[in-house]
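These notes are about the structure you will find just below.
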Amino acid sequence: MTNVLWVRASMWSRLIVYVLLIGAAAWTLMPFAWAIVNSVKTLADTFQAGAIIPFVDFTPTLKSWDEVLSDPQVVRAFVSSIVVSAGTTVFVLLLGVPAAYSLARFEFPIDSNDITLWFLSQRVLPPAVVLVPFYLLMVQFRLIDTWTGLIFCYSTFNLAFAVVIMRDIFRDVSTEIEDAAKVEGASAWQVFWMIALPLSLDGLVVTSVLVFAFSWNEALFASALTSQDAMTFSALVLASRSTRGVDFNIASVNTLIGIIPPVILYFFVQRYLARGLSFGAVKG
Amino acid sequence: MNHDATDRFKELACDYLRRRMGRRQFLAMAAELGFSAAVLSRLIRPARAALLDSSPDAPYESPISPERVAFLKTKPYRGTTINVMVLKATVGDGLKYHVPHWEAETGGKVNVAEVPIETLHTQIFSDLTSGLGRYDAYMTGAWFYGDFFQPQDPYIVALDRFLSDPRHPYWEPDQWLPAMKTLYTWQGKLYGVLFDGDAQALYYRKDVFTNPDVQAKFKAKTGYDLPAPPKTMKQMHDLADFFTGWDWNQDGSKDWGISLHAKVNEQGFFHFLTLAGPYVISPENKYFFFNPDTMKPLINSEGHVRALEDYVKFVSNGPQEQISWTLGQGWNLFLAGHAVMEPTWGDLPTLAQDPKESKVAGKIGACPIPGTTEAFNPILGQWKTYDLNQVGNTNGGSWHCVISRFSKKQDATYDFLAFMANRKNAFFNCSNGWTGVQPGMRYEYLPPAGTSSIAEWQAQGWNTADTAEYLHAYYQELSMPVQEEHLRIPGTAEYWHELDVNVSSVLAGQTKPKAALDATAAAWETITERYGRSAQKALYQASFKT
Amino acid sequence: MAAARISRGQYGARLKYVLLLPAVVWVVAFTFLPLVSVIRYSFAAYVLGRGITGYVGLANYIEVVNSARFWHSIMVTAIYVAVSVPVEVALGFLMAWLVHLGPPGTRTFRTIIGAPLFTMEVAIGYLGVTMFSSQGGLIAVLLAKIGIDIPWLSSAWGGLAAAIVLDIWRWTSFMFLIVLAGLGSITTELYDAAILDAKNHWQVMWRLAVPLAWPVTSIAILLRTIESLKVFAIPFALTTGGPGTSTEVFSATDYLTTIQFFDFGKGSAMGIVFLIMVSAVITVFFRQMRRRLG
């Protein structure tokens with residue numbers, strides 16, 4: 001990372017940068033703050049106009065948190081989400097990374113750009129359209145309300161995404177080392193496994209984080225394909241509704257709980273993101 | 001019938017009546033002689049042992065039959081697990097409350113899956129159409145019934161064979177208010193076990209309406225005495241207008257004449273259905289949705305259009321944002337004391353008793369939905385004047401459980417459902433607001449309508465004055481001779497959604513009432529075509545036969 | 001780039017297929033079959049409880065193309081995407097650039113600004129209901145302090161605006177993360193060179209960072225646009241397509257038709273029409289992008 005620009009910047013520039021950054025941070029944090037405020041209200045309080053500052057406008061209570069955390073269904077759903085998201089990520093990497101490398105390095109009878117475009121087009125159909133066929137498929141394979149079923153579905157959605165991103169990452173990875181290894185007599189597999197993969201680690205991390213995040217947040221298929229055993233947390237959030245509409249306090253607690261695992265993951269892999277990827281921008 | 005047979009029959013009858021022969025044997029032998037067993041079995045009811053008031057073995061059932069007491073001693077459902085799909089919160093919570101009690105009594109186990117309201121229909125029918133049959137019972141809304149009877153073999157099971165078995169918990173379908181019972185039956189047979197009984201009534205701030213200063217102001221403005229309760233739509237509108245825009249509850253902020261909610265897909269359209277009823281339903285006409293001979297929609301008739309034009313006027317009597325409110329948000333305006341009226345379900349006065357939720361306990365007035373002095377007959381196409389045309393309704397979900405045809409544990413499932421319908425449990429449900437259940441049985445109402453008492457309600461935390469108001473109005477709503485029909489044909493959810501969206505668009509000022517209702521009618525025609533006009537027509541006509 | 005390509009020969013001749021095929025087979029199996037199923041339904045009349053009652057040729061497609069509600073939802077979606085995506089790109093790029101400059105506290109800013117990507121859209125929609133409420137919602141209160149009163153949830157266009165604001169909040173972090181990763185690859189020497197040339201930071205950004213990060217950014221824009229066209233959760237949770245149909249995006253219309261009303265025939269036809277329309281758009285988009293990269 002370079003500090004060159006910062007070091008050379010004028011006082012005035014630095015001030016503007018900070019003001020903008022703090023503004024951006026405040027803008028980002030505002031809904032979280034609101035979620036926290038709402039999570040310490042009772043349902044009746046959430047309807048109260050002007051109940052904004054705890055202790056001043058209303059009495060905060062931990063009842064909503066208690067209600068959510070002591071519900072075994074919540075814990076189960078949380079575990080389900082972790083299993084499904086992690087499973088999807090692993091599966092997608094297993095299938096997608098080799099495919100991406102292949103598209104980046106080799107020639108095929110069909111232009112690899114077109115193959116990539118085909119992969120991309122898989123993401124166009126809105127989930128609502130394919131929900132029914134997927135549902136029926138899962139019914140046939142008896143995978144309704146199972147983790148495996150959901151992992152299969154999510155992998156399908158995210159595979160395209162992973163292939164497209166990883167392909168560009170591989171195209172960017174310098175081939176000098178690979179060429180050198182080839183000269184030494186390494187097989188294609190060895191080149192892939194021992195050289196290309198490690199060099200593309202940053203890209204792998206980015207892809208994993210994004211696939212994990214997408215799987216974690218997906219609610220539509222989760223609520224359609226699971227109900228008791230494998231219900232994920234996002235499906236549970238979708239269900240923070242009662243006959244009188246949304247339970248805003250419960251939904252807020254759920255939002256906050258739901259954000260924890262992905263953010264922890266993100267926190268740990270930040271440094272990989274920082275190292276930079278060029279997606280083919282810098283050659284040689 | 002020859003002479004010998006008649007004599008022989010007399011002999012058999014004597015033997016039976018002197019208890020020398022069992023009922024079954026009598027019926028069998030009479031049948032051999034040529035007497036219809038079906039007719040006879042109706043005349044001769046099986047002797048039931050007298051009901052006990054309660055039993056120490058079954059603390060949660062009252063009344064209870066001795067057969068049941070004996071049955072429970074065998075822990076009949078030990079090892080049996082039943083799966084029930086319910087609505088998340090309110091009625092779902094109500095059901096969950098009874099689960100451990102039933103499990104302790106019978107040894108069975110109940111798995112409850114909670115589903116949010118807008119996916120309930122989808123989840124039920126996905127499960128049924130897939131044939132997976134993962135659930136033994138579903139909590140259903142009254143308007144899903146049509147869809148259950150779509151296939152040749154209906155998806156749900158009739159209750160006759162369970163009802164005559166004294167080993168199951170005792171409950172009284174005969175105690176039902178007729179308008180409510182209809183929703184649980186189809187073509188004469190009972191399919192649903194008692195749980196909730198929804199109807200919309202008008203709730204208002206009695207303390208404000210009976211305040212002399214307020215009354216004087218009202219008379220000064222309109223020229224007539226403040227009607228408490230309002231009887232006609234015009235009076236309701238005048239009241240709403242009068243109470244909008246000034247601080248009549250003395251809390252420092254301007255208040256409102258009415259509270260509604262109209263977010264799409266959140267049951268907001270029931271407000272329109274309820275308030276439009278008196279414009280079209282009358283002693284001369286019971287059809288609100290379709291013409292029973294042609295299955296053409298009636299929804300854009302002159303009466304409906306006028307009803308919508310009047311309904312729109314209410315929007316300015318409440319916060320503009322109520323067009324995007326959920327049900328809870330609408331209730332809150334009234335419970336916090338800022339709205340003087342709200343036409344809605346019985347959850348409102350029930351919630352009002354809870355000091356954590358409301359500031360208006362003890363101040364509730366209730367009355368049936370106001371009527372009109374002029375109603376339109378959409379079949380004949382003409383208006384008619386009345387002194388007062390008031391219409392009852394059963395608008396709402398009236399959520400209750402039905403048993404799936406695919407269930408392999410139908411007896412156990414019925415047992416659980418009947419347990420909750422037993423008088424003691426049913427009364428608990430309807431008098432505790434968080435269950436979302438409203439009274440539908442005579443024994444839940446106060447005399448002279450029913451056999452309950454103020455003390456029973458007070459014991460559950462109700463304010464005396466509110467109880468009397470609420471029960472009286474609710475009972476009237478359900479027992480009015482002229483009732484608004486409850487649509488129960490296949491695709492009801494779809495028909496109503498079209499109406500919901502179009503009404504919402506009028507409320508937002510995007511469309512005019514006539515255009516919106518015409519669009520609704522056109523959309524309804526498409527839906528009817530898709531389901532098959534003749535099939536829909538047959539089912540529509542059948543749904544009126546109770 | 002030619003040096004990077006392995007020409008056809010013994011090296012990797014078989015491996016390339018071994019590496020590629022599992023993914024292709026999977027995608028074919030799990031997307032081709034459902035797609036065929038969708039196409040089949042689109043030619044059928046389906047009724048809940050009775051299944052497919054017959055095949056009706058192009059009737060569903062004609063109904064869809066004649067449906068005002070369908071076109072309205074396309075329009076709402078188009079407005080939604082046309083407003084939110086450019087704003088997200090611009091804001092995301094700007095924030096990435098600012099963080100990239102490396103002021104003290106960069107890591108904190110990076111964490112905070114990237115966090116929204118990990119929230120659930122449904123939850124954000126629900127949060128929005130009380131946040132935008134004119135009855136004391138956070139936004140209403142804050143705006144009132146500077147004298148602005150926007151009818152977020154009480155008017156047709158207000159609902160759409162609120163949904164777009166939430167969308168921007170959540171998805172800017174997506175652009176931010178990807179652009180940031182892309183910017184990280186620009187080497188120090190390039191910066192030194194640029195700084196000698198440029199008059200101020202903004203010129204450095206425009207002349208250097210934007211072009212160099214363009215490959216990254218363009219992929220991200222493409223992906224984001226495709227995702228955005230499928231938008232569902234935020235507007236649905238916020239206003240369920242209302243008031244009226246003013247916030248009903250295409251996915252919502254399709255969801256209601258297919259999932260809520262079990263009208264598989266019409267819903268599938270809708271989906272196919274949408275697929276054709278969007279595929280055409282992204283093919284053009286993709287080809288343009290490839291051309292600019294050379």
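Naming scheme: A, B, ... for chains in displayed order of the structure tokens; residues 1 onward per chain; ligands 1 onward as shown.
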TODO: Starting from chain B, keep only residues with some atom at most 9 Å from an atom of chain C, counting only C-alpha atoms, and report them as a PyMOL selection string.
DONE: chain B and resi 118-119+121-122+125+128-129+147-152+155+262-266+319-325+490-491+493-494+500-511+530-531
Open item on the list: Based on only C-alpha atoms, which of the residues in chain B come within 7 Å of chain A? I want them as number ranges by chain.
Closed with: B: 88-90, 113, 115-117, 266, 326-329, 332, 357
Open item on the list: For the helix (DSSP H, G or I) assignment from backbone DSSP, which residues of stretch 246-400 of chain B qualify? Please present them as a count of residues only.
Closed with: 46
- [ ] Quick one: everything within 10 Å of A:Ala104, counting only C-alpha atoms, minus sequence neighbours fewer than 3 positions away in the same chain. Send it as JSON, numbers by chain.
- [x] {"A": [98, 99, 100, 101, 107, 112, 113, 163, 164, 166, 167, 168, 169, 170, 171, 172, 173], "C": [4, 5, 6]}
With N, CA and C atoms retained, export the selected residues as an mmCIF file, in the first residue's frame.
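Printed below is part-v9.cif as written:
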```cif
data_model
loop_
_atom_site.group_PDB
_atom_site.id
_atom_site.type_symbol
_atom_site.label_atom_id
_atom_site.label_comp_id
_atom_site.auth_asym_id
_atom_site.auth_seq_id
_atom_site.Cartn_x
_atom_site.Cartn_y
_atom_site.Cartn_z
ATOM 1 N N PRO A 98 -10.760 -24.403 -10.718
ATOM 2 C CA PRO A 98 -10.122 -25.097 -11.841
ATOM 3 C C PRO A 98 -10.704 -24.655 -13.179
ATOM 4 N N ALA A 99 -12.015 -24.496 -13.205
ATOM 5 C CA ALA A 99 -12.639 -24.088 -14.459
ATOM 6 C C ALA A 99 -12.144 -22.714 -14.890
ATOM 7 N N ALA A 100 -12.013 -21.828 -13.924
ATOM 8 C CA ALA A 100 -11.562 -20.477 -14.247
ATOM 9 C C ALA A 100 -10.136 -20.490 -14.779
ATOM 10 N N TYR A 101 -9.301 -21.307 -14.139
ATOM 11 C CA TYR A 101 -7.911 -21.409 -14.597
ATOM 12 C C TYR A 101 -7.862 -21.922 -16.035
ATOM 13 N N GLU A 107 -6.878 -22.721 -24.719
ATOM 14 C CA GLU A 107 -7.801 -22.412 -25.803
ATOM 15 C C GLU A 107 -8.801 -23.539 -25.962
ATOM 16 N N SER A 112 -13.197 -18.554 -25.388
ATOM 17 C CA SER A 112 -13.430 -18.586 -23.945
ATOM 18 C C SER A 112 -14.229 -17.394 -23.476
ATOM 19 N N ASN A 113 -14.204 -16.331 -24.235
ATOM 20 C CA ASN A 113 -15.026 -15.183 -23.859
ATOM 21 C C ASN A 113 -16.500 -15.536 -23.933
ATOM 22 N N VAL A 163 -16.462 -18.170 -11.266
ATOM 23 C CA VAL A 163 -15.675 -18.444 -12.475
ATOM 24 C C VAL A 163 -15.262 -17.149 -13.169
ATOM 25 N N VAL A 164 -16.204 -16.245 -13.289
ATOM 26 C CA VAL A 164 -15.901 -14.998 -13.990
ATOM 27 C C VAL A 164 -14.819 -14.202 -13.276
ATOM 28 N N MET A 166 -12.586 -15.293 -10.955
ATOM 29 C CA MET A 166 -11.299 -15.982 -10.872
ATOM 30 C C MET A 166 -10.613 -16.046 -12.224
ATOM 31 N N ARG A 167 -11.388 -16.077 -13.280
ATOM 32 C CA ARG A 167 -10.755 -16.124 -14.604
ATOM 33 C C ARG A 167 -9.908 -14.888 -14.831
ATOM 34 N N ASP A 168 -10.475 -13.749 -14.506
ATOM 35 C CA ASP A 168 -9.706 -12.527 -14.694
ATOM 36 C C ASP A 168 -8.514 -12.458 -13.761
ATOM 37 N N ILE A 169 -8.655 -13.008 -12.603
ATOM 38 C CA ILE A 169 -7.528 -13.007 -11.675
ATOM 39 C C ILE A 169 -6.400 -13.864 -12.221
ATOM 40 N N PHE A 170 -6.750 -15.022 -12.734
ATOM 41 C CA PHE A 170 -5.716 -15.883 -13.290
ATOM 42 C C PHE A 170 -5.072 -15.257 -14.507
ATOM 43 N N ARG A 171 -5.855 -14.591 -15.321
ATOM 44 C CA ARG A 171 -5.283 -13.969 -16.516
ATOM 45 C C ARG A 171 -4.240 -12.932 -16.137
ATOM 46 N N ASP A 172 -4.444 -12.406 -14.942
ATOM 47 C CA ASP A 172 -3.514 -11.376 -14.533
ATOM 48 C C ASP A 172 -2.239 -11.948 -13.932
ATOM 49 N N VAL A 173 -2.357 -13.122 -13.352
ATOM 50 C CA VAL A 173 -1.177 -13.694 -12.702
ATOM 51 C C VAL A 173 -0.078 -13.873 -13.732
ATOM 52 N N ALA C 4 0.775 -15.411 -22.756
ATOM 53 C CA ALA C 4 0.122 -16.136 -21.677
ATOM 54 C C ALA C 4 -0.642 -17.345 -22.192
ATOM 55 N N ARG C 5 -1.029 -17.320 -23.414
ATOM 56 C CA ARG C 5 -1.832 -18.424 -23.929
ATOM 57 C C ARG C 5 -0.962 -19.617 -24.249
ATOM 58 N N ILE C 6 -1.415 -20.760 -23.871
ATOM 59 C CA ILE C 6 -0.713 -21.989 -24.216
ATOM 60 C C ILE C 6 -1.302 -22.486 -25.523
#
```
